[in-house]
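J.: This is the content of model.cif (mmCIF, C-alpha atoms):
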data_structure
loop_
_atom_site.label_atom_id
_atom_site.label_comp_id
_atom_site.auth_asym_id
_atom_site.auth_seq_id
_atom_site.Cartn_x
_atom_site.Cartn_y
_atom_site.Cartn_z
CA MET F 1 30.97 18.36 13.02
CA PRO F 2 30.48 16.30 16.18
CA GLY F 3 27.07 17.77 16.96
CA LEU F 4 25.72 16.74 13.56
CA ASP F 5 27.16 13.26 13.95
CA ARG F 6 25.34 12.83 17.26
CA ASP F 7 22.10 14.08 15.72
CA CYS F 8 22.44 11.67 12.81
CA ALA F 9 23.16 8.78 15.12
CA SER F 10 20.14 9.68 17.19
CA ALA F 11 17.92 9.93 14.11
CA ALA F 12 19.14 6.56 12.88
CA ALA F 13 18.58 4.81 16.19
CA PRO F 14 15.77 2.25 15.90
CA LYS F 15 12.49 2.92 17.66
CA ARG F 16 10.77 0.12 19.50
CA LEU F 17 7.29 -0.98 18.42
CA PHE F 18 4.96 -3.17 20.47
CA ILE F 19 1.70 -4.37 18.91
CA LYS F 20 -0.84 -6.19 21.06
CA THR F 21 -3.27 -8.16 18.91
CA TYR F 22 -6.74 -9.12 20.00
CA GLY F 23 -9.09 -11.54 18.25
CA CYS F 24 -9.03 -13.17 14.85
CA GLN F 25 -6.48 -14.11 12.21
CA MET F 26 -7.49 -11.03 10.24
CA ASN F 27 -6.09 -8.94 13.07
CA VAL F 28 -2.91 -11.04 13.16
CA TYR F 29 -2.45 -10.31 9.48
CA ASP F 30 -3.23 -6.61 9.97
CA SER F 31 -0.70 -6.41 12.80
CA GLU F 32 1.98 -7.92 10.57
CA ARG F 33 1.25 -5.36 7.88
CA MET F 34 1.27 -2.47 10.35
CA ALA F 35 4.73 -3.57 11.48
CA ASP F 36 5.83 -3.69 7.82
CA LEU F 37 4.45 -0.19 7.19
CA LEU F 38 6.20 1.26 10.22
CA ALA F 39 9.59 -0.36 9.52
CA PRO F 40 10.68 2.45 7.12
CA LEU F 41 10.12 4.92 9.96
CA GLY F 42 12.73 3.03 11.97
CA TYR F 43 10.40 0.95 14.14
CA VAL F 44 11.53 -2.53 15.14
CA ALA F 45 9.44 -5.09 16.98
CA SER F 46 9.59 -5.31 20.75
CA ASP F 47 8.25 -8.12 22.93
CA THR F 48 6.94 -5.79 25.61
CA ALA F 49 5.20 -2.44 25.93
CA GLU F 50 7.60 -1.38 28.66
CA GLY F 51 10.16 0.92 27.06
CA ALA F 52 8.45 0.93 23.65
CA ASP F 53 8.37 4.14 21.61
CA LEU F 54 5.06 3.18 20.02
CA VAL F 55 2.38 0.86 21.35
CA VAL F 56 -0.46 -0.24 19.07
CA LEU F 57 -3.53 -2.04 20.41
CA ASN F 58 -5.06 -3.87 17.43
CA THR F 59 -8.51 -4.47 18.82
CA CYS F 60 -11.40 -6.87 18.18
CA HIS F 61 -15.06 -6.12 18.79
CA ILE F 62 -16.27 -9.73 18.60
CA ARG F 63 -15.30 -11.20 21.94
CA GLU F 64 -17.21 -10.57 25.14
CA LYS F 65 -16.26 -7.42 27.05
CA ALA F 66 -13.82 -6.44 24.29
CA THR F 67 -14.22 -2.70 24.83
CA GLU F 68 -13.76 -2.96 28.59
CA LYS F 69 -10.52 -4.88 28.09
CA VAL F 70 -9.23 -2.18 25.74
CA TYR F 71 -9.97 0.62 28.22
CA SER F 72 -8.39 -1.37 31.03
CA GLU F 73 -5.24 -1.82 28.95
CA LEU F 74 -5.26 1.87 28.02
CA GLY F 75 -5.34 2.78 31.71
CA ARG F 76 -2.24 0.67 32.32
CA LEU F 77 -0.48 2.15 29.30
CA LYS F 78 -1.38 5.71 30.32
CA ALA F 79 0.59 5.22 33.53
CA MET F 80 3.47 3.68 31.57
CA LYS F 81 3.42 6.62 29.16
CA ALA F 82 3.57 9.08 32.08
CA ARG F 83 6.60 7.28 33.50
CA ALA F 84 8.34 7.46 30.14
CA ARG F 85 7.65 11.20 29.88
CA ALA F 86 8.93 11.78 33.43
CA ALA F 87 12.15 10.01 32.47
CA GLY F 88 12.59 12.29 29.45
CA GLY F 89 11.29 9.81 26.89
CA GLN F 90 8.22 9.54 24.72
CA MET F 91 5.68 6.80 24.13
CA LEU F 92 3.07 7.13 21.42
CA LEU F 93 -0.13 5.17 21.89
CA ALA F 94 -2.36 4.05 19.01
CA VAL F 95 -5.64 2.13 18.99
CA ALA F 96 -6.39 0.22 15.80
CA GLY F 97 -8.89 -2.40 14.67
CA CYS F 98 -12.62 -2.88 15.11
CA VAL F 99 -13.08 -1.19 18.50
CA ALA F 100 -11.28 1.82 17.02
CA GLN F 101 -13.68 1.75 14.08
CA ALA F 102 -16.81 1.41 16.19
CA GLU F 103 -15.88 3.71 19.06
CA GLY F 104 -13.07 5.90 17.76
CA ALA F 105 -14.51 9.23 18.82
CA GLU F 106 -15.36 7.93 22.28
CA ILE F 107 -11.86 6.53 22.73
CA MET F 108 -10.36 9.93 21.95
CA ALA F 109 -12.79 11.60 24.35
CA ARG F 110 -12.35 9.16 27.21
CA GLN F 111 -8.63 8.48 27.08
CA SER F 112 -6.40 11.51 26.57
CA ALA F 113 -3.27 9.36 26.44
CA VAL F 114 -4.23 8.02 23.00
CA ASP F 115 -2.35 9.74 20.18
CA VAL F 116 -3.84 7.95 17.17
CA VAL F 117 -7.04 6.03 16.45
CA VAL F 118 -7.11 4.16 13.16
CA GLY F 119 -9.81 1.84 11.83
CA PRO F 120 -9.08 -1.46 10.06
CA GLN F 121 -9.60 0.02 6.59
CA SER F 122 -7.26 2.95 7.20
CA TYR F 123 -4.16 1.53 8.82
CA HIS F 124 -2.21 2.13 5.61
CA ARG F 125 -2.21 5.76 6.82
CA LEU F 126 -0.55 4.80 10.10
CA PRO F 127 2.94 6.09 9.12
CA GLU F 128 1.44 9.48 8.23
CA LEU F 129 -0.56 9.64 11.45
CA ILE F 130 2.42 8.62 13.55
CA ALA F 131 4.59 11.22 11.84
CA ARG F 132 1.93 13.83 12.58
CA ALA F 133 1.73 12.70 16.19
CA HIS F 134 5.51 13.02 16.49
CA ARG F 135 5.08 16.65 15.48
CA ALA F 136 2.17 17.01 17.94
CA ALA F 137 -0.11 18.27 15.18
CA GLY F 138 -2.64 17.21 12.58
CA GLU F 139 -5.23 14.50 12.23
CA ARG F 140 -5.58 11.87 14.95
CA LEU F 141 -8.63 9.91 13.88
CA ALA F 142 -8.70 7.79 10.70
CA ALA F 143 -11.63 5.40 10.63
CA ASP F 144 -13.13 5.74 7.18
CA PHE F 145 -13.89 2.80 4.88
CA ALA F 146 -11.52 2.70 1.91
CA PRO F 147 -10.33 -0.90 1.44
CA ARG F 148 -9.11 -0.46 -2.14
CA GLU F 149 -6.95 2.49 -1.10
CA LYS F 150 -5.73 0.51 1.88
CA PHE F 151 -4.50 -2.49 -0.11
CA ASP F 152 -3.10 -0.35 -2.92
CA SER F 153 -0.97 1.46 -0.34
CA LEU F 154 0.47 -1.70 1.20
CA GLY F 155 2.58 -2.95 -1.68
CA VAL F 156 3.87 -6.49 -1.98
CA ALA F 157 6.90 -6.57 0.31
CA ARG F 158 6.26 -8.23 3.66
CA GLY F 159 8.47 -9.07 6.58
CA ALA F 160 7.33 -12.69 6.59
CA THR F 161 9.03 -15.14 8.91
CA GLY F 162 8.35 -18.83 9.15
CA VAL F 163 6.91 -21.28 6.67
CA SER F 164 3.22 -20.36 7.04
CA ALA F 165 1.60 -16.99 6.48
CA PHE F 166 -1.80 -15.33 6.42
CA LEU F 167 -2.90 -13.55 3.24
CA THR F 168 -5.98 -11.34 3.25
CA VAL F 169 -8.00 -11.61 0.05
CA GLN F 170 -11.39 -10.26 1.13
CA GLU F 171 -12.68 -7.89 3.77
CA GLY F 172 -16.03 -6.76 5.07
CA CYS F 173 -19.44 -8.37 5.22
CA ASP F 174 -22.83 -7.83 3.60
CA LYS F 175 -24.64 -10.56 5.56
CA PHE F 176 -25.74 -8.51 8.61
CA CYS F 177 -26.16 -11.37 11.05
CA THR F 178 -28.09 -9.85 13.93
CA PHE F 179 -25.41 -10.69 16.53
CA CYS F 180 -22.40 -9.35 14.62
CA VAL F 181 -20.65 -5.97 14.46
CA VAL F 182 -18.41 -6.78 11.47
CA PRO F 183 -20.62 -5.11 8.81
CA TYR F 184 -20.43 -1.92 10.86
CA THR F 185 -16.73 -2.04 11.73
CA ARG F 186 -15.24 -3.59 8.57
CA GLY F 187 -17.66 -2.22 6.00
CA ALA F 188 -19.08 -3.77 2.84
CA GLU F 189 -17.56 -6.84 1.20
CA TYR F 190 -14.50 -6.00 -0.84
CA SER F 191 -12.29 -8.39 -2.82
CA ARG F 192 -8.69 -7.61 -3.67
CA PRO F 193 -7.60 -7.93 -7.30
CA ALA F 194 -6.35 -11.42 -8.05
CA ALA F 195 -3.11 -10.09 -9.57
CA ALA F 196 -2.25 -8.23 -6.36
CA ILE F 197 -2.92 -11.33 -4.27
CA GLU F 198 -0.83 -13.48 -6.59
CA SER F 199 2.05 -11.00 -6.41
CA GLU F 200 1.97 -11.06 -2.62
CA ALA F 201 1.77 -14.85 -2.59
CA ARG F 202 4.77 -15.12 -4.94
CA ALA F 203 6.74 -12.77 -2.71
CA LEU F 204 5.89 -14.90 0.30
CA ALA F 205 6.95 -18.09 -1.52
CA ALA F 206 10.24 -16.43 -2.45
CA LYS F 207 10.82 -15.81 1.29
CA GLY F 208 10.36 -19.51 2.06
CA VAL F 209 6.66 -19.56 2.91
CA ARG F 210 5.21 -22.93 1.89
CA GLU F 211 1.68 -22.52 3.20
CA VAL F 212 -0.74 -19.60 2.99
CA THR F 213 -4.10 -19.21 4.68
CA LEU F 214 -6.40 -16.96 2.66
CA LEU F 215 -8.34 -14.68 4.98
CA GLY F 216 -11.63 -12.86 4.81
CA GLN F 217 -14.61 -12.10 7.00
CA ASN F 218 -16.51 -14.04 4.31
CA VAL F 219 -13.59 -15.41 2.37
CA ASN F 220 -15.68 -17.57 0.07
CA ALA F 221 -17.60 -14.46 -1.01
CA TYR F 222 -14.40 -13.48 -2.81
CA GLU F 223 -14.96 -12.29 -6.36
CA ASN F 224 -11.98 -11.96 -8.65
CA ASP F 225 -11.59 -10.06 -11.90
CA ASP F 226 -12.58 -12.92 -14.21
CA GLY F 227 -15.54 -14.12 -12.15
CA GLY F 228 -13.77 -17.26 -10.98
CA GLY F 229 -14.45 -16.60 -7.30
CA LEU F 230 -12.40 -18.12 -4.52
CA ALA F 231 -12.08 -21.41 -6.39
CA GLY F 232 -10.48 -19.62 -9.34
CA LEU F 233 -8.11 -17.74 -7.05
CA ILE F 234 -7.07 -20.97 -5.33
CA ARG F 235 -6.32 -22.62 -8.66
CA ARG F 236 -4.27 -19.58 -9.66
CA LEU F 237 -2.23 -19.64 -6.46
CA ALA F 238 -1.77 -23.41 -6.69
CA ALA F 239 0.41 -22.83 -9.76
CA ILE F 240 3.00 -20.86 -7.75
CA SER F 241 6.22 -22.80 -7.37
CA GLY F 242 7.13 -23.51 -3.74
CA LEU F 243 3.65 -22.77 -2.43
CA ASP F 244 2.65 -26.27 -1.41
CA ARG F 245 -0.33 -25.71 0.84
CA ILE F 246 -3.39 -23.47 0.66
CA ARG F 247 -6.08 -22.99 3.29
CA TYR F 248 -8.85 -20.43 3.72
CA THR F 249 -11.01 -19.04 6.52
CA THR F 250 -13.66 -17.93 7.45
CA SER F 251 -16.45 -19.19 5.19
CA HIS F 252 -20.18 -18.63 5.12
CA PRO F 253 -22.58 -21.41 4.06
CA ARG F 254 -24.39 -19.02 1.72
CA ASP F 255 -21.21 -18.57 -0.35
CA MET F 256 -20.12 -22.21 -0.52
CA ASP F 257 -20.57 -22.76 -4.26
CA GLU F 258 -20.06 -25.91 -6.33
CA ALA F 259 -16.83 -24.62 -7.89
CA LEU F 260 -15.23 -24.27 -4.45
CA ILE F 261 -16.48 -27.69 -3.37
CA ALA F 262 -15.01 -29.18 -6.56
CA ALA F 263 -11.68 -27.48 -5.87
CA HIS F 264 -11.39 -29.45 -2.64
CA GLY F 265 -11.36 -32.64 -4.67
CA GLU F 266 -9.24 -31.41 -7.57
CA VAL F 267 -6.56 -29.03 -6.24
CA GLU F 268 -3.87 -31.06 -4.52
CA SER F 269 -2.43 -28.14 -2.57
CA LEU F 270 -5.82 -27.16 -1.10
CA MET F 271 -5.73 -28.81 2.29
CA PRO F 272 -8.55 -31.14 3.40
CA TYR F 273 -9.77 -28.77 6.10
CA LEU F 274 -12.89 -26.61 6.00
CA HIS F 275 -13.91 -24.06 8.60
CA LEU F 276 -17.62 -23.54 7.94
CA PRO F 277 -19.50 -21.82 10.78
CA VAL F 278 -23.16 -22.75 11.24
CA GLN F 279 -23.73 -20.99 14.60
CA CYS F 280 -26.87 -22.98 15.48
CA GLY F 281 -28.80 -26.09 14.47
CA SER F 282 -32.28 -24.61 14.88
CA ASP F 283 -33.92 -23.12 11.80
CA ARG F 284 -35.99 -20.84 14.03
CA VAL F 285 -32.89 -19.38 15.68
CA LEU F 286 -30.97 -19.24 12.40
CA LYS F 287 -33.77 -17.03 11.08
CA LEU F 288 -33.53 -14.81 14.15
CA MET F 289 -29.80 -14.60 13.51
CA ASN F 290 -30.46 -13.61 9.86
CA ARG F 291 -28.04 -16.29 8.72
CA GLY F 292 -29.84 -16.88 5.43
CA HIS F 293 -29.50 -20.68 5.50
CA THR F 294 -31.15 -23.62 7.22
CA ALA F 295 -29.66 -26.50 9.14
CA GLU F 296 -30.58 -28.87 6.30
CA HIS F 297 -28.87 -26.61 3.76
CA TYR F 298 -25.74 -26.77 5.90
CA ARG F 299 -25.91 -30.57 6.16
CA ARG F 300 -26.17 -30.88 2.35
CA ILE F 301 -23.10 -28.64 1.86
CA VAL F 302 -21.11 -30.86 4.20
CA GLU F 303 -22.25 -33.98 2.33
CA ARG F 304 -21.16 -32.55 -1.03
CA ALA F 305 -17.83 -31.35 0.34
CA ARG F 306 -17.07 -34.77 1.84
CA ALA F 307 -18.09 -36.46 -1.41
CA ALA F 308 -15.50 -34.29 -3.17
CA ARG F 309 -12.85 -34.86 -0.49
CA PRO F 310 -13.61 -37.90 1.69
CA ASP F 311 -10.87 -37.15 4.24
CA LEU F 312 -12.11 -33.58 4.83
CA ALA F 313 -11.79 -32.30 8.41
CA LEU F 314 -14.61 -29.97 9.35
CA SER F 315 -14.47 -27.09 11.81
CA GLY F 316 -17.25 -24.73 12.84
CA ASP F 317 -18.47 -21.92 15.07
CA PHE F 318 -21.41 -22.07 17.48
CA ILE F 319 -23.27 -19.56 19.61
CA VAL F 320 -25.40 -20.81 22.49
CA GLY F 321 -28.00 -18.82 24.38
CA PHE F 322 -28.95 -16.54 21.50
CA PRO F 323 -32.02 -14.42 22.37
CA GLY F 324 -35.12 -16.57 22.05
CA GLU F 325 -33.21 -19.87 22.00
CA ARG F 326 -35.34 -22.50 23.73
CA ALA F 327 -34.26 -25.86 25.11
CA ALA F 328 -35.60 -27.55 21.97
CA ASP F 329 -33.55 -25.21 19.77
CA PHE F 330 -30.41 -26.11 21.65
CA GLU F 331 -31.20 -29.80 21.24
CA ASP F 332 -31.38 -29.14 17.47
CA THR F 333 -27.84 -27.81 17.68
CA LEU F 334 -26.62 -30.92 19.49
CA SER F 335 -28.38 -33.06 16.87
CA LEU F 336 -26.64 -31.22 14.03
CA VAL F 337 -23.25 -31.65 15.71
CA ARG F 338 -23.88 -35.40 16.08
CA ASP F 339 -24.96 -35.67 12.43
CA VAL F 340 -22.06 -33.68 11.00
CA GLY F 341 -19.12 -34.73 13.19
CA TYR F 342 -16.43 -32.11 13.76
CA ALA F 343 -12.65 -32.35 13.91
CA SER F 344 -12.69 -29.12 15.91
CA ALA F 345 -15.00 -26.21 16.62
CA PHE F 346 -15.24 -22.91 18.45
CA SER F 347 -18.22 -22.29 20.72
CA PHE F 348 -19.27 -19.26 22.70
CA LYS F 349 -22.05 -17.93 24.90
CA TYR F 350 -24.04 -15.18 23.23
CA SER F 351 -23.09 -11.73 24.50
CA ARG F 352 -24.72 -8.46 23.55
CA ARG F 353 -22.94 -6.16 21.11
CA PRO F 354 -24.13 -2.55 21.31
CA GLY F 355 -25.75 -1.41 18.09
CA THR F 356 -26.60 -4.89 16.81
CA PRO F 357 -30.26 -5.92 16.41
CA ALA F 358 -29.86 -8.94 18.72
CA ALA F 359 -28.84 -6.72 21.63
CA ALA F 360 -32.39 -5.36 21.79
CA MET F 361 -34.21 -8.64 21.15
CA ALA F 362 -36.66 -10.07 23.62
CA GLY F 363 -36.00 -13.44 25.22
CA GLN F 364 -32.46 -12.89 26.46
CA VAL F 365 -31.33 -16.22 27.91
CA GLU F 366 -30.29 -16.43 31.55
CA GLU F 367 -26.55 -16.67 32.16
CA VAL F 368 -26.82 -19.93 34.12
CA GLU F 369 -28.60 -21.53 31.17
CA LYS F 370 -25.95 -20.29 28.75
CA VAL F 371 -23.21 -21.77 30.93
CA ASP F 372 -24.94 -25.15 31.06
CA ARG F 373 -25.59 -25.28 27.33
CA LEU F 374 -22.05 -24.25 26.47
CA ALA F 375 -20.62 -26.96 28.73
CA ARG F 376 -22.81 -29.62 27.11
CA LEU F 377 -21.92 -28.50 23.61
CA ARG F 378 -18.20 -28.32 24.32
CA SER F 379 -18.25 -31.78 25.86
CA LEU F 380 -19.82 -33.21 22.70
CA ILE F 381 -17.37 -31.40 20.41
CA ALA F 382 -14.38 -32.38 22.54
CA GLY F 383 -15.36 -36.02 22.19
CA GLN F 384 -15.59 -35.69 18.43
CA GLN F 385 -12.23 -33.95 18.23
CA ALA F 386 -10.58 -36.65 20.33
CA ALA F 387 -12.12 -39.33 18.11
CA PHE F 388 -10.96 -37.58 14.95
CA ASN F 389 -7.41 -37.30 16.26
CA ALA F 390 -7.41 -40.93 17.42
CA GLY F 391 -8.53 -41.94 13.94
CA THR F 392 -5.26 -40.69 12.48
CA VAL F 393 -3.13 -43.05 14.60
CA GLY F 394 -1.48 -45.61 12.37
CA ARG F 395 -1.68 -43.42 9.29
CA THR F 396 1.24 -41.77 7.54
CA ALA F 397 0.64 -38.11 6.78
CA PRO F 398 2.71 -35.34 5.19
CA VAL F 399 3.65 -32.85 7.91
CA LEU F 400 4.90 -29.32 7.29
CA PHE F 401 7.43 -28.69 10.05
CA GLU F 402 7.23 -25.15 11.39
CA LYS F 403 9.36 -24.76 14.53
CA PRO F 404 11.35 -26.52 17.26
CA GLY F 405 9.30 -28.54 19.72
CA ARG F 406 9.16 -28.09 23.45
CA ARG F 407 11.76 -30.79 24.07
CA ASP F 408 15.31 -31.05 22.75
CA GLY F 409 15.47 -33.01 19.53
CA GLN F 410 11.79 -32.40 18.76
CA VAL F 411 10.18 -30.43 15.94
CA THR F 412 6.56 -29.43 15.52
CA GLY F 413 4.46 -29.07 12.42
CA ARG F 414 0.95 -29.31 11.02
CA SER F 415 -0.87 -32.17 9.37
CA PRO F 416 -3.04 -31.54 6.30
CA TRP F 417 -5.99 -31.46 8.74
CA LEU F 418 -4.40 -28.60 10.74
CA GLN F 419 -3.48 -30.78 13.72
CA ALA F 420 -0.29 -30.00 15.61
CA VAL F 421 2.18 -32.89 15.19
CA HIS F 422 5.21 -33.40 17.46
CA CYS F 423 8.05 -35.55 16.19
CA GLU F 424 11.57 -36.51 17.20
CA ALA F 425 13.52 -35.13 14.24
CA PRO F 426 16.42 -32.78 13.42
CA ALA F 427 15.84 -29.03 13.31
CA SER F 428 16.98 -29.09 9.69
CA LEU F 429 13.51 -30.37 8.82
CA ILE F 430 11.93 -27.01 9.70
CA GLY F 431 10.47 -25.69 6.46
CA ALA F 432 10.23 -29.15 4.92
CA ILE F 433 7.26 -31.40 4.32
CA ALA F 434 8.02 -34.93 5.46
CA PRO F 435 5.93 -38.10 5.83
CA VAL F 436 5.22 -38.90 9.45
CA GLU F 437 3.67 -42.01 10.90
CA ILE F 438 1.18 -40.97 13.56
CA ILE F 439 1.77 -43.05 16.68
CA GLY F 440 -0.20 -41.19 19.34
CA ALA F 441 -3.05 -38.75 19.76
CA SER F 442 -4.28 -36.41 22.48
CA PRO F 443 -7.28 -34.08 22.29
CA GLY F 444 -5.07 -31.21 21.14
CA SER F 445 -2.19 -32.71 19.17
CA LEU F 446 -0.58 -35.76 17.60
CA SER F 447 2.79 -37.46 18.04
CA GLY F 448 4.63 -39.25 15.30
CA ARG F 449 7.86 -40.61 13.93
CA LEU F 450 9.51 -39.93 10.61
CA ALA F 451 8.71 -42.30 7.77
CA ARG F 452 11.29 -43.10 5.13
CA GLU F 453 10.18 -40.88 2.26
CA ARG F 454 10.48 -37.11 2.34
CA ALA F 455 8.92 -34.34 0.27
#
Show me the file's structure as structure tokens.
T.:
Amino acid sequence: MPGLDRDCASAAAPKRLFIKTYGCQMNVYDSERMADLLAPLGYVASDTAEGADLVVLNTCHIREKATEKVYSELGRLKAMKARARAAGGQMLLAVAGCVAQAEGAEIMARQSAVDVVVGPQSYHRLPELIARAHRAAGERLAADFAPREKFDSLGVARGATGVSAFLTVQEGCDKFCTFCVVPYTRGAEYSRPAAAIESEARALAAKGVREVTLLGQNVNAYENDDGGGLAGLIRRLAAISGLDRIRYTTSHPRDMDEALIAAHGEVESLMPYLHLPVQCGSDRVLKLMNRGHTAEHYRRIVERARAARPDLALSGDFIVGFPGERAADFEDTLSLVRDVGYASAFSFKYSRRPGTPAAAMAGQVEEVEKVDRLARLRSLIAGQQAAFNAGTVGRTAPVLFEKPGRRDGQVTGRSPWLQAVHCEAPASLIGAIAPVEIIGASPGSLSGRLARERA
């Protein structure tokens, strides 16, 4: 039956999937899981949207002008979709993530080319929605909050590649910082069961993953079944054979408890790196932000963490030009940065997010002032980062090699402090942890040579 054979071959032919990811590591993780969920439908990853059968925009609502960028991309993809249809093909277009959650109905109204809109708590339904779209019928919008259902639907199997992987353990936020849309787009704080996380971590280790980064909007707000919190979960995962390194991000100062601080000094596989956003060094502005902590509270946390782990590398987030921020408030931020000392940090100009309390606050700072303050802050942080990197020269550090370097005969990995390390070494070291003597430092990376011992 030749006709049936052709139909079967056509049905079995792989479909091309292109996912464009905006924003944070949470979205990187979500994109990986969406690809895993769509694999049974015959979708394989493509490096480009051109010629793809399904394009997913996994959006972020945090960055400035995020929504405008999404609509601009949708306009480009609409034209691409029309060309595919004219050539007798089909391209499905899906919008996922936080912009989908916040503005799903508007997206469907404004851009007719979109076939599916799915919020970050509902992407486990993506195969169903795509199947419905293929049949040109049924539900197109899925943006409800159901994190337990989401994670229960994902299962353990993942298409992990490489030696490092992200692992979501917590989602949502109950903090309601006045500048942030996350509580509205990701919902209330939800912690995955520890057993499910451990199963996923074991599966990753079995695939050769040696380092996991535990993810959450407020990852240290994680609450597991036995009340052990994030510290208890870390200790549980540290017992998994082959899983040699554990990291976590992003933390909130209000949830940095003593058990987690102690874990930094007691759990060998917990890396000496802490991303702890403070946002501002002025108590007056922190109150306007509804952060729920003071600058002094933050300083004391850092002191205790460094007492537990003296070689701890600290990273942070900062917003300059928040509504009502005066010159003296900004100077408080610079003072905090000088007191704390950062190995790295992310800093941004405040930008209004529709629907957040800060968007309607009085005292919006002029753009020229924001630009000046951001430049001054970044200059200070850049100097601290360069000094931290230079301080590692002459030391021998265990490096987890991840991939080939830019030059022949070079491999690249990460130090315990999350620095990129380039080293002349054989490609066979990829996936291994080896001692490396650091011989050079730049603001963004380190160079080294192999030491004698090897892990």
J.: Starting from the PyMOL selection byres ((chain F and resi 47-57) around 8), expand the selection into actual residues of this file and give them as JSON, numbers by chain.
T.: {"F": [15, 16, 17, 18, 19, 20, 21, 22, 45, 46, 58, 59, 70, 80, 84, 90, 91, 92, 93, 94, 95, 96, 97]}
J.: Once the PyMOL selection byres ((chain F and resi 211-225) around 8) is applied to the coordinates I shared, what remains selected? I want it as a PyMOL selection string.
T.: chain F and resi 25-26+163-173+182+189-194+201+209-210+226-230+232-233+243-252+255-256
J.: Please, could you write that set of residues out with C-alpha atoms as a compact mmCIF listing (two decimals), in the frame of the given file?
T.:
# COMPACT_ATOMS: atom_id res chain seq x y z
CA GLN F 25 -6.48 -14.11 12.21
CA MET F 26 -7.49 -11.03 10.24
CA VAL F 163 6.91 -21.28 6.67
CA SER F 164 3.22 -20.36 7.04
CA ALA F 165 1.60 -16.99 6.48
CA PHE F 166 -1.80 -15.33 6.42
CA LEU F 167 -2.90 -13.55 3.24
CA THR F 168 -5.98 -11.34 3.25
CA VAL F 169 -8.00 -11.61 0.05
CA GLN F 170 -11.39 -10.26 1.13
CA GLU F 171 -12.68 -7.89 3.77
CA GLY F 172 -16.03 -6.76 5.07
CA CYS F 173 -19.44 -8.37 5.22
CA VAL F 182 -18.41 -6.78 11.47
CA GLU F 189 -17.56 -6.84 1.20
CA TYR F 190 -14.50 -6.00 -0.84
CA SER F 191 -12.29 -8.39 -2.82
CA ARG F 192 -8.69 -7.61 -3.67
CA PRO F 193 -7.60 -7.93 -7.30
CA ALA F 194 -6.35 -11.42 -8.05
CA ALA F 201 1.77 -14.85 -2.59
CA VAL F 209 6.66 -19.56 2.91
CA ARG F 210 5.21 -22.93 1.89
CA ASP F 226 -12.58 -12.92 -14.21
CA GLY F 227 -15.54 -14.12 -12.15
CA GLY F 228 -13.77 -17.26 -10.98
CA GLY F 229 -14.45 -16.60 -7.30
CA LEU F 230 -12.40 -18.12 -4.52
CA GLY F 232 -10.48 -19.62 -9.34
CA LEU F 233 -8.11 -17.74 -7.05
CA LEU F 243 3.65 -22.77 -2.43
CA ASP F 244 2.65 -26.27 -1.41
CA ARG F 245 -0.33 -25.71 0.84
CA ILE F 246 -3.39 -23.47 0.66
CA ARG F 247 -6.08 -22.99 3.29
CA TYR F 248 -8.85 -20.43 3.72
CA THR F 249 -11.01 -19.04 6.52
CA THR F 250 -13.66 -17.93 7.45
CA SER F 251 -16.45 -19.19 5.19
CA HIS F 252 -20.18 -18.63 5.12
CA ASP F 255 -21.21 -18.57 -0.35
CA MET F 256 -20.12 -22.21 -0.52
J.: Residue by residue, what does the PyMOL selection byres ((chain F and resi 401) around 12) grab here? Present the result as a count of residues only.
T.: 42
J.: What's the 12 Å shell around F:Ser335, counting all atoms listed in the file, without same-chain residues fewer than 3 positions away, as a list of chain:residue names?
T.: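 Here the answer would be F:Cys280, F:Gly281, F:Ser282, F:Ala295, F:Glu296, F:Arg299, F:Ala328, F:Asp329, F:Phe330, F:Glu331, F:Asp332, F:Arg338, F:Asp339, F:Val340, F:Gly341, F:Leu377, F:Leu380, F:Ile381.
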J.: For atom CA of F:Gly444 and atom CA of F:Gly391, determine how far apart the two atoms are, in Å to one decimal place.
T.: 13.4 Å
J.: Hey, can you check how far atom CA of F:Pro40 sits from atom CA of F:Arg125?
T.: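 Taking atom CA of F:Pro40 as the start and atom CA of F:Arg125 as the end point, the length is 13.3 Å.
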J.: Applying 7 Å and all atoms listed in the file, which residues near F:Ala362 remain after dropping the ones on its own chain fewer than 2 positions away? List them as a list of chain:residue names.
T.: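 After dropping sequence-adjacent residues, the list is F:Pro323, F:Gly324, F:Ala360, F:Gln364.
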J.: Choose the residue, out of F:Gly88, F:Pro120, F:Pro354, F:Gly75, that has the smallest atom-to-atom separation from F:Val28; count only C-alpha atoms.
T.: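 Among the listed residues, the smallest separation from F:Val28 belongs to F:Pro120.
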J.: How far is it from atom CA of F:Asn290 to atom CA of F:Cys98, in Å with one decimal?
T.: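 Atom-to-atom, atom CA of F:Asn290 and atom CA of F:Cys98 are spaced 21.5 Å apart.
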